[in-house]
Amino acid sequence: MSGPVASTGFVHRPVVMGQRGIIAAGHHRAAEAGAAVLREGGNAMDAAVTAAATLAVAIPHMNGLGGDAFALWFDQKTGETVAINGSGGAPSRATIEAYRAGGHAAIPQRGPLSISVPGVLDAWDKALKRFGTVPLARALAPAIALAEEGLPLDRHQRDLFNGQVYRDLVGAAPALGALYGPGEGRRLGEVLRMPALARSLRQLASDGITSFYGGAIGAAMVKDLRDAGGILDIGDLERHFTIFGPPLSVAFRGRRVVANPPNTQGLALLALLGLIEADDDPNTPALARFMRAKEIAFAARDRYLGDPQHTRVPDDLLTPAGLAAFARTQAAGTIRSAPAGGDTSTLVVVDSRGNAVSWVQSLFEAFGSGVASSSTGIVFHNRLSLASLAPGGPNSLAPGRRPFHTLCPALVLNDGSCEFALATPGDHGQPQTLAQILIAVLDRGLDIQEAVEAPRIRHDSGTKVMYEDRLPEDAVRPLASAGYALDNVGPWSRVMGGANAIQCLPNGTRMAGADPRRASYAIVE
């Protein structure tokens with residue numbers, strides 16, 4: 001698939017390169033923490049969990065102990081790739097009947113009824129025990145220090161705290177304001193300390209995660225949630241478990257692209273790439289072909305995306321014949337994605353041995369549900385809001401069921417090694433961003449930093465297609481001709497994600513790209 005963007009020779013950030021370990025993360029403090037573990041001899045999972053824990057403090061509105069995670073682990077020695085599902089299920093009292101009896105036609109977007117079990121902490125712990133070499137206490141140490149010493153606010157955080165979204169949240173949930181301060185007058189470089197969160201992290205480092213999933217921290221969280229009108233109970237926390245299993249994959253440009261199976265939208269990324277791989281129509285402009293494939297891929301996502309214990313992707317769906325057959329059943333313009341949050345944090349790591357991790361964790365929207373546990377410093381996500389109150393579907397609400405997730409880590413394997421590790425925030429835009437980055441490198445010859453910075457398009461639902469106006473006019477004009485309404489979001493838009501990406505060359509050089517649209521940062525070992 002040819003494309004409209006060629007190498008310009010200019011990037012806002014240099015390509016970070018090395019021949020040992022390398023990490024790119026959604027905040028420089030997280031990248032620094034992960035790189036330090038690599039220098040100490042830790043592997044990619046040690047660095048990933050350390051960086052992930054630091055992200056939970058460094059970008060607290062995007063992710064935290066009250067959120068979820070998905071990841072991919074590639075073991076260079078065995079060649080095995082494992083998908084990690086660190087999402088939590090709906091509370092035992094979360095039934096369609098109960099929500100409808102409460103007067104809800106849909107699950108509220110925010111507030112205590114949008115909260116499912118937080119799974120990120122168990123994912124950290126279990127991933128370390130299975131693939132890592134350091135204890136959880138070591139991985140939590142940089143996060144504890146940052147929470148205690150304080151985080152200087154960058155411009156993104158300053159603008160968030162001074163914005164209307166945060167003012168509305170603290171107006172509805174004073175406990176959030178008690179933890180993070182007022183909703184106005186915040187300044188660049190102002191130091192934000194999180195003593196309650198630091199105490200919880202220290203307790204987890206000393207007592208282990210059982211203090212969260214059923215112990216003292218869990219009991220305190222449940223009490224605070226009950227006081228706020230929540231329905232999560234201690235049994236819900238005790239029953240939680242992380243799922244480890246095989247990933248999904250698709251052939252693309254002589255490689256295998258690997259993603260998590262449902263309940264994530266990894267299926268959408270793979271279907272999108274598989275359809276692009278099979279599309280050899282020279283008469284249709286590149287972005288129009290991309291959009292045609294995107295709509296079919298998201299239809300497949302919506303057809304099969306649900307709790308992995310209650311839904312199954314057909315074995316042949318991601319084959320050329322399976323995708324072609326599915327495409328024949330889809331009418332154009334049928335995608336109606338629900339509004340979703342873009343407040344997610346990501347990281348990618350490749351260590352000196354060639355092991356790789358792509359990790360994504362999230363509160364879903366800015367400060368998630370808006371509900372905070374003031375006694376523990378933990379803010380809860382609102383991921384349950386994406387479950388459906390319509391019975392019988394793959395994403396229908398039921399006790400214990402894990403809801404739909406937009407999180408979409410990815411790895412690309414080639415000749416028995418990991419060639420790319422990629423991840424981005426951006427809710428429904430995640431598969432679209434990752435696909436555009438891979439196309440930019442593999443089809444257009446851009447380096448990984450150029451590919452991350454290249455202008456993007458994004459489509460959520462209906463006819464509106466967002467585009468960055470650095471795209472040439474002759475590239476986007478065919479979208480209007482195809483019936484799409486073009487929405488110019490400026491030259492650089494946060495809505496297009498904040499990708500982190502690593503490319504491994506055959507000669508052993510590793511190159512990392514970090515997105516200037518957000519606070520991404522790459523560091524070598």
# chains A, B, ... in the order shown; residues from 1 in each chain; ligands from 1
>>> residues_around(residues="Arg292 in chain A", least_positions_apart="2", cutoff="12 Å", atoms="only C-alpha atoms", output="ChimeraX atom specification")
/A:271-273,275-276,279,281,284-290,294-299,327,330-335,459,479,482-484
>>> write_last_selection(atoms="N, CA and C atoms", output="mmCIF file, in the first residue's frame")
data_model
loop_
_atom_site.group_PDB
_atom_site.id
_atom_site.type_symbol
_atom_site.label_atom_id
_atom_site.label_comp_id
_atom_site.auth_asym_id
_atom_site.auth_seq_id
_atom_site.Cartn_x
_atom_site.Cartn_y
_atom_site.Cartn_z
ATOM 1 N N ALA A 271 -7.073 -7.388 11.756
ATOM 2 C CA ALA A 271 -7.963 -7.438 10.596
ATOM 3 C C ALA A 271 -7.664 -6.283 9.640
ATOM 4 N N LEU A 272 -7.389 -5.112 10.184
ATOM 5 C CA LEU A 272 -7.051 -3.962 9.347
ATOM 6 C C LEU A 272 -5.807 -4.242 8.507
ATOM 7 N N LEU A 273 -4.762 -4.753 9.152
ATOM 8 C CA LEU A 273 -3.531 -5.046 8.421
ATOM 9 C C LEU A 273 -3.727 -6.179 7.417
ATOM 10 N N LEU A 275 -6.448 -6.971 5.828
ATOM 11 C CA LEU A 275 -7.204 -6.468 4.685
ATOM 12 C C LEU A 275 -6.335 -5.592 3.795
ATOM 13 N N ILE A 276 -5.465 -4.776 4.403
ATOM 14 C CA ILE A 276 -4.543 -3.957 3.620
ATOM 15 C C ILE A 276 -3.578 -4.845 2.840
ATOM 16 N N ASP A 279 -5.252 -6.066 -0.246
ATOM 17 C CA ASP A 279 -5.821 -5.057 -1.145
ATOM 18 C C ASP A 279 -4.764 -4.584 -2.137
ATOM 19 N N ASP A 281 -5.617 -3.105 -5.084
ATOM 20 C CA ASP A 281 -6.356 -2.250 -6.024
ATOM 21 C C ASP A 281 -5.540 -0.990 -6.329
ATOM 22 N N THR A 284 -7.589 2.838 -6.465
ATOM 23 C CA THR A 284 -8.171 3.536 -5.336
ATOM 24 C C THR A 284 -7.063 4.197 -4.520
ATOM 25 N N PRO A 285 -7.184 5.483 -4.207
ATOM 26 C CA PRO A 285 -6.133 6.175 -3.439
ATOM 27 C C PRO A 285 -5.892 5.518 -2.092
ATOM 28 N N ALA A 286 -4.673 5.711 -1.562
ATOM 29 C CA ALA A 286 -4.222 4.984 -0.376
ATOM 30 C C ALA A 286 -5.138 5.174 0.822
ATOM 31 N N LEU A 287 -5.493 6.414 1.155
ATOM 32 C CA LEU A 287 -6.295 6.637 2.363
ATOM 33 C C LEU A 287 -7.720 6.127 2.202
ATOM 34 N N ALA A 288 -8.248 6.160 0.994
ATOM 35 C CA ALA A 288 -9.575 5.591 0.763
ATOM 36 C C ALA A 288 -9.547 4.080 0.970
ATOM 37 N N ARG A 289 -8.473 3.432 0.530
ATOM 38 C CA ARG A 289 -8.335 1.994 0.753
ATOM 39 C C ARG A 289 -8.170 1.701 2.247
ATOM 40 N N PHE A 290 -7.421 2.537 2.911
ATOM 41 C CA PHE A 290 -7.238 2.388 4.356
ATOM 42 C C PHE A 290 -8.590 2.459 5.065
ATOM 43 N N LYS A 294 -10.503 -0.241 7.290
ATOM 44 C CA LYS A 294 -10.768 0.089 8.696
ATOM 45 C C LYS A 294 -12.214 -0.221 9.073
ATOM 46 N N GLU A 295 -13.155 0.149 8.216
ATOM 47 C CA GLU A 295 -14.560 -0.082 8.546
ATOM 48 C C GLU A 295 -14.868 -1.576 8.656
ATOM 49 N N ILE A 296 -14.307 -2.372 7.793
ATOM 50 C CA ILE A 296 -14.533 -3.819 7.865
ATOM 51 C C ILE A 296 -13.871 -4.392 9.111
ATOM 52 N N ALA A 297 -12.651 -3.928 9.410
ATOM 53 C CA ALA A 297 -11.931 -4.430 10.583
ATOM 54 C C ALA A 297 -12.672 -4.124 11.872
ATOM 55 N N PHE A 298 -13.253 -2.940 11.962
ATOM 56 C CA PHE A 298 -13.977 -2.583 13.182
ATOM 57 C C PHE A 298 -15.311 -3.321 13.273
ATOM 58 N N ALA A 299 -15.881 -3.663 12.147
ATOM 59 C CA ALA A 299 -17.076 -4.501 12.181
ATOM 60 C C ALA A 299 -16.749 -5.876 12.749
ATOM 61 N N ALA A 327 -15.605 -9.632 4.851
ATOM 62 C CA ALA A 327 -15.790 -8.346 4.175
ATOM 63 C C ALA A 327 -17.014 -8.359 3.279
ATOM 64 N N GLN A 330 -20.304 -7.168 4.903
ATOM 65 C CA GLN A 330 -20.384 -5.859 5.529
ATOM 66 C C GLN A 330 -20.773 -4.765 4.539
ATOM 67 N N ALA A 331 -21.769 -3.987 4.911
ATOM 68 C CA ALA A 331 -22.143 -2.814 4.132
ATOM 69 C C ALA A 331 -21.284 -1.635 4.560
ATOM 70 N N ALA A 332 -20.989 -0.752 3.654
ATOM 71 C CA ALA A 332 -20.155 0.410 3.972
ATOM 72 C C ALA A 332 -20.885 1.359 4.918
ATOM 73 N N GLY A 333 -20.108 2.047 5.735
ATOM 74 C CA GLY A 333 -20.653 3.099 6.592
ATOM 75 C C GLY A 333 -21.481 2.613 7.753
ATOM 76 N N THR A 334 -21.223 1.388 8.248
ATOM 77 C CA THR A 334 -22.066 0.845 9.308
ATOM 78 C C THR A 334 -21.450 0.980 10.697
ATOM 79 N N ILE A 335 -20.224 1.496 10.817
ATOM 80 C CA ILE A 335 -19.548 1.522 12.103
ATOM 81 C C ILE A 335 -20.073 2.679 12.944
ATOM 82 N N HIS A 459 -10.708 7.697 12.278
ATOM 83 C CA HIS A 459 -12.156 7.604 12.111
ATOM 84 C C HIS A 459 -12.743 6.848 13.292
ATOM 85 N N LEU A 479 -10.916 11.083 0.278
ATOM 86 C CA LEU A 479 -11.838 10.723 1.346
ATOM 87 C C LEU A 479 -13.137 11.504 1.219
ATOM 88 N N ALA A 482 -15.173 10.072 -1.408
ATOM 89 C CA ALA A 482 -15.793 8.802 -1.009
ATOM 90 C C ALA A 482 -16.952 9.003 -0.041
ATOM 91 N N GLY A 483 -17.276 10.262 0.293
ATOM 92 C CA GLY A 483 -18.433 10.533 1.141
ATOM 93 C C GLY A 483 -18.121 10.830 2.588
ATOM 94 N N TYR A 484 -16.848 10.944 2.931
ATOM 95 C CA TYR A 484 -16.484 11.253 4.313
ATOM 96 C C TYR A 484 -16.418 12.763 4.524
#
>>> residues_around(residues="Leu442 in chain A", least_positions_apart="2", cutoff="10 Å", atoms="only C-alpha atoms", output="ChimeraX atom specification")
/A:1-2,252-253,436-440,444-448,451
>>> residues_around(residues="Ala216 in chain A", least_positions_apart="6", cutoff="12 Å", atoms="only C-alpha atoms", output="PyMOL selection string")
chain A and resi 200+203-204+207-210+222-223+234+237+375-376
>>> residues_around(residues="Arg187 in chain A", least_positions_apart="3", cutoff="10 Å", atoms="only C-alpha atoms", output="count of residues only")
12
>>> select_by_dssp(residues="range 118-149 of chain A", states="alpha helix (DSSP H)", output="MDAnalysis selection string")
chainID A and resid 120:131 136:149
>>> residues_around(residues="Ala501 in chain A", least_positions_apart="3", cutoff="9 Å", atoms="only C-alpha atoms", output="VMD selection string")
chain A and resid 23 to 25 347 to 349 358 420 to 424 437 448 to 449 452 511 to 515 522
>>> residues_around(residues="range 378-390 of chain A", least_positions_apart="6", cutoff="8 Å", atoms="only C-alpha atoms", output="PyMOL selection string")
chain A and resi 64-68+90+96+99+105-111+113-116+118+176+197+221+338+362-365+367-372+396-397+403-405
>>> residues_around(residues="Gly171 in chain A", least_positions_apart="3", cutoff="12 Å", atoms="only C-alpha atoms", output="PDB file with all heavy atoms, in the first residue's frame")
ATOM      1  N   GLN A 164     -11.755  22.425  32.203  1.00  0.00           N
ATOM      2  CA  GLN A 164     -13.131  22.218  32.640  1.00  0.00           C
ATOM      3  C   GLN A 164     -13.411  20.771  33.021  1.00  0.00           C
ATOM      4  O   GLN A 164     -14.201  20.508  33.942  1.00  0.00           O
ATOM      5  CB  GLN A 164     -14.098  22.649  31.529  1.00  0.00           C
ATOM      6  CG  GLN A 164     -15.559  22.695  31.955  1.00  0.00           C
ATOM      7  CD  GLN A 164     -15.806  23.668  33.088  1.00  0.00           C
ATOM      8  OE1 GLN A 164     -15.361  24.813  33.029  1.00  0.00           O
ATOM      9  NE2 GLN A 164     -16.500  23.232  34.124  1.00  0.00           N
ATOM     10  N   VAL A 165     -12.782  19.820  32.331  1.00  0.00           N
ATOM     11  CA  VAL A 165     -13.024  18.407  32.647  1.00  0.00           C
ATOM     12  C   VAL A 165     -12.671  18.117  34.104  1.00  0.00           C
ATOM     13  O   VAL A 165     -13.455  17.501  34.841  1.00  0.00           O
ATOM     14  CB  VAL A 165     -12.227  17.483  31.698  1.00  0.00           C
ATOM     15  CG1 VAL A 165     -12.269  16.037  32.189  1.00  0.00           C
ATOM     16  CG2 VAL A 165     -12.774  17.568  30.285  1.00  0.00           C
ATOM     17  N   TYR A 166     -11.489  18.571  34.534  1.00  0.00           N
ATOM     18  CA  TYR A 166     -11.083  18.325  35.920  1.00  0.00           C
ATOM     19  C   TYR A 166     -11.974  19.090  36.895  1.00  0.00           C
ATOM     20  O   TYR A 166     -12.351  18.552  37.947  1.00  0.00           O
ATOM     21  CB  TYR A 166      -9.618  18.714  36.113  1.00  0.00           C
ATOM     22  CG  TYR A 166      -9.108  18.431  37.517  1.00  0.00           C
ATOM     23  CD1 TYR A 166      -8.895  17.127  37.942  1.00  0.00           C
ATOM     24  CD2 TYR A 166      -8.861  19.467  38.415  1.00  0.00           C
ATOM     25  CE1 TYR A 166      -8.432  16.856  39.227  1.00  0.00           C
ATOM     26  CE2 TYR A 166      -8.399  19.208  39.696  1.00  0.00           C
ATOM     27  CZ  TYR A 166      -8.187  17.903  40.097  1.00  0.00           C
ATOM     28  OH  TYR A 166      -7.736  17.640  41.371  1.00  0.00           O
ATOM     29  N   ARG A 167     -12.347  20.316  36.573  1.00  0.00           N
ATOM     30  CA  ARG A 167     -13.238  21.068  37.471  1.00  0.00           C
ATOM     31  C   ARG A 167     -14.566  20.351  37.639  1.00  0.00           C
ATOM     32  O   ARG A 167     -15.119  20.293  38.751  1.00  0.00           O
ATOM     33  CB  ARG A 167     -13.448  22.485  36.929  1.00  0.00           C
ATOM     34  CG  ARG A 167     -12.234  23.393  37.115  1.00  0.00           C
ATOM     35  CD  ARG A 167     -12.597  24.851  36.926  1.00  0.00           C
ATOM     36  NE  ARG A 167     -12.946  25.163  35.553  1.00  0.00           N
ATOM     37  CZ  ARG A 167     -12.058  25.506  34.614  1.00  0.00           C
ATOM     38  NH1 ARG A 167     -10.765  25.580  34.918  1.00  0.00           N
ATOM     39  NH2 ARG A 167     -12.460  25.785  33.387  1.00  0.00           N
ATOM     40  N   ASP A 168     -15.092  19.799  36.560  1.00  0.00           N
ATOM     41  CA  ASP A 168     -16.356  19.053  36.660  1.00  0.00           C
ATOM     42  C   ASP A 168     -16.188  17.802  37.519  1.00  0.00           C
ATOM     43  O   ASP A 168     -17.071  17.453  38.314  1.00  0.00           O
ATOM     44  CB  ASP A 168     -16.848  18.668  35.271  1.00  0.00           C
ATOM     45  CG  ASP A 168     -17.321  19.865  34.457  1.00  0.00           C
ATOM     46  OD1 ASP A 168     -17.550  20.938  35.053  1.00  0.00           O
ATOM     47  OD2 ASP A 168     -17.438  19.722  33.225  1.00  0.00           O
ATOM     48  N   PRO A 174     -15.521  15.238  45.419  1.00  0.00           N
ATOM     49  CA  PRO A 174     -14.542  16.027  46.187  1.00  0.00           C
ATOM     50  C   PRO A 174     -13.309  15.231  46.610  1.00  0.00           C
ATOM     51  O   PRO A 174     -12.237  15.820  46.796  1.00  0.00           O
ATOM     52  CB  PRO A 174     -15.348  16.485  47.405  1.00  0.00           C
ATOM     53  CG  PRO A 174     -16.776  16.457  46.959  1.00  0.00           C
ATOM     54  CD  PRO A 174     -16.869  15.316  45.997  1.00  0.00           C
ATOM     55  N   ALA A 175     -13.429  13.902  46.758  1.00  0.00           N
ATOM     56  CA  ALA A 175     -12.262  13.106  47.161  1.00  0.00           C
ATOM     57  C   ALA A 175     -11.140  13.204  46.138  1.00  0.00           C
ATOM     58  O   ALA A 175      -9.956  13.161  46.495  1.00  0.00           O
ATOM     59  CB  ALA A 175     -12.665  11.648  47.366  1.00  0.00           C
ATOM     60  N   LEU A 176     -11.490  13.355  44.859  1.00  0.00           N
ATOM     61  CA  LEU A 176     -10.464  13.504  43.832  1.00  0.00           C
ATOM     62  C   LEU A 176      -9.712  14.816  44.025  1.00  0.00           C
ATOM     63  O   LEU A 176      -8.482  14.867  43.947  1.00  0.00           O
ATOM     64  CB  LEU A 176     -11.102  13.452  42.442  1.00  0.00           C
ATOM     65  CG  LEU A 176     -10.141  13.529  41.258  1.00  0.00           C
ATOM     66  CD1 LEU A 176      -9.222  12.320  41.213  1.00  0.00           C
ATOM     67  CD2 LEU A 176     -10.917  13.657  39.945  1.00  0.00           C
ATOM     68  N   GLY A 177     -10.458  15.885  44.311  1.00  0.00           N
ATOM     69  CA  GLY A 177      -9.822  17.167  44.564  1.00  0.00           C
ATOM     70  C   GLY A 177      -8.963  17.156  45.808  1.00  0.00           C
ATOM     71  O   GLY A 177      -7.922  17.829  45.875  1.00  0.00           O
ATOM     72  N   ALA A 178      -9.370  16.375  46.809  1.00  0.00           N
ATOM     73  CA  ALA A 178      -8.571  16.277  48.029  1.00  0.00           C
ATOM     74  C   ALA A 178      -7.213  15.635  47.747  1.00  0.00           C
ATOM     75  O   ALA A 178      -6.213  15.958  48.402  1.00  0.00           O
ATOM     76  CB  ALA A 178      -9.326  15.471  49.084  1.00  0.00           C
ATOM     77  N   GLY A 181      -5.743  18.319  44.338  1.00  0.00           N
ATOM     78  CA  GLY A 181      -5.727  19.764  44.446  1.00  0.00           C
ATOM     79  C   GLY A 181      -6.807  20.452  43.646  1.00  0.00           C
ATOM     80  O   GLY A 181      -7.643  19.816  43.004  1.00  0.00           O
ATOM     81  N   PRO A 182      -6.786  21.771  43.664  1.00  0.00           N
ATOM     82  CA  PRO A 182      -7.847  22.567  43.051  1.00  0.00           C
ATOM     83  C   PRO A 182      -7.835  22.476  41.537  1.00  0.00           C
ATOM     84  O   PRO A 182      -6.847  22.067  40.916  1.00  0.00           O
ATOM     85  CB  PRO A 182      -7.521  23.991  43.512  1.00  0.00           C
ATOM     86  CG  PRO A 182      -6.044  23.979  43.751  1.00  0.00           C
ATOM     87  CD  PRO A 182      -5.743  22.607  44.282  1.00  0.00           C
ATOM     88  N   GLY A 183      -8.939  22.919  40.939  1.00  0.00           N
ATOM     89  CA  GLY A 183      -9.092  22.855  39.499  1.00  0.00           C
ATOM     90  C   GLY A 183      -8.790  24.152  38.802  1.00  0.00           C
ATOM     91  O   GLY A 183      -9.377  24.447  37.761  1.00  0.00           O
ATOM     92  N   GLY A 370     -13.636   9.174  37.932  1.00  0.00           N
ATOM     93  CA  GLY A 370     -13.651  10.362  38.786  1.00  0.00           C
ATOM     94  C   GLY A 370     -13.786  10.029  40.244  1.00  0.00           C
ATOM     95  O   GLY A 370     -13.694  10.911  41.095  1.00  0.00           O
ATOM     96  N   VAL A 371     -13.983   8.751  40.553  1.00  0.00           N
ATOM     97  CA  VAL A 371     -14.171   8.312  41.932  1.00  0.00           C
ATOM     98  C   VAL A 371     -12.820   7.940  42.520  1.00  0.00           C
ATOM     99  O   VAL A 371     -12.069   7.156  41.932  1.00  0.00           O
ATOM    100  CB  VAL A 371     -15.132   7.110  42.012  1.00  0.00           C
ATOM    101  CG1 VAL A 371     -15.291   6.639  43.451  1.00  0.00           C
ATOM    102  CG2 VAL A 371     -16.479   7.478  41.411  1.00  0.00           C
TER     103      VAL A 371
END
>>> closest_residue(among="A:Ala30, A:Ile457, A:Ala485, A:Leu169", to="Ala143 in chain A", atoms="only C-alpha atoms")
A:Ala30
>>> closest_residue(among="A:Met17, A:Ala101, A:Leu38, A:Ile84", to="Asn263 in chain A", atoms="only C-alpha atoms")
A:Ile84
>>> closest_residue(among="A:Gly274, A:Gly132, A:Met291, A:Gly354", to="Leu317 in chain A", atoms="only C-alpha atoms")
A:Gly274
>>> closest_residue(among="A:His27, A:His428, A:His240, A:Arg255", to="Asp122 in chain A", atoms="only C-alpha atoms")
A:His240
>>> select_by_dssp(residues="range 235-453 of chain A", states="strand (DSSP E or B)", output="ChimeraX atom specification")
/A:243-245,248-252,255-259,336,343-350,356-364,372-373,378-380,388,396,410-414,417-423
>>> atom_distance(atom1="CA of Pro112 in chain A", atom2="CA of Ala228 in chain A")
6.6 Å
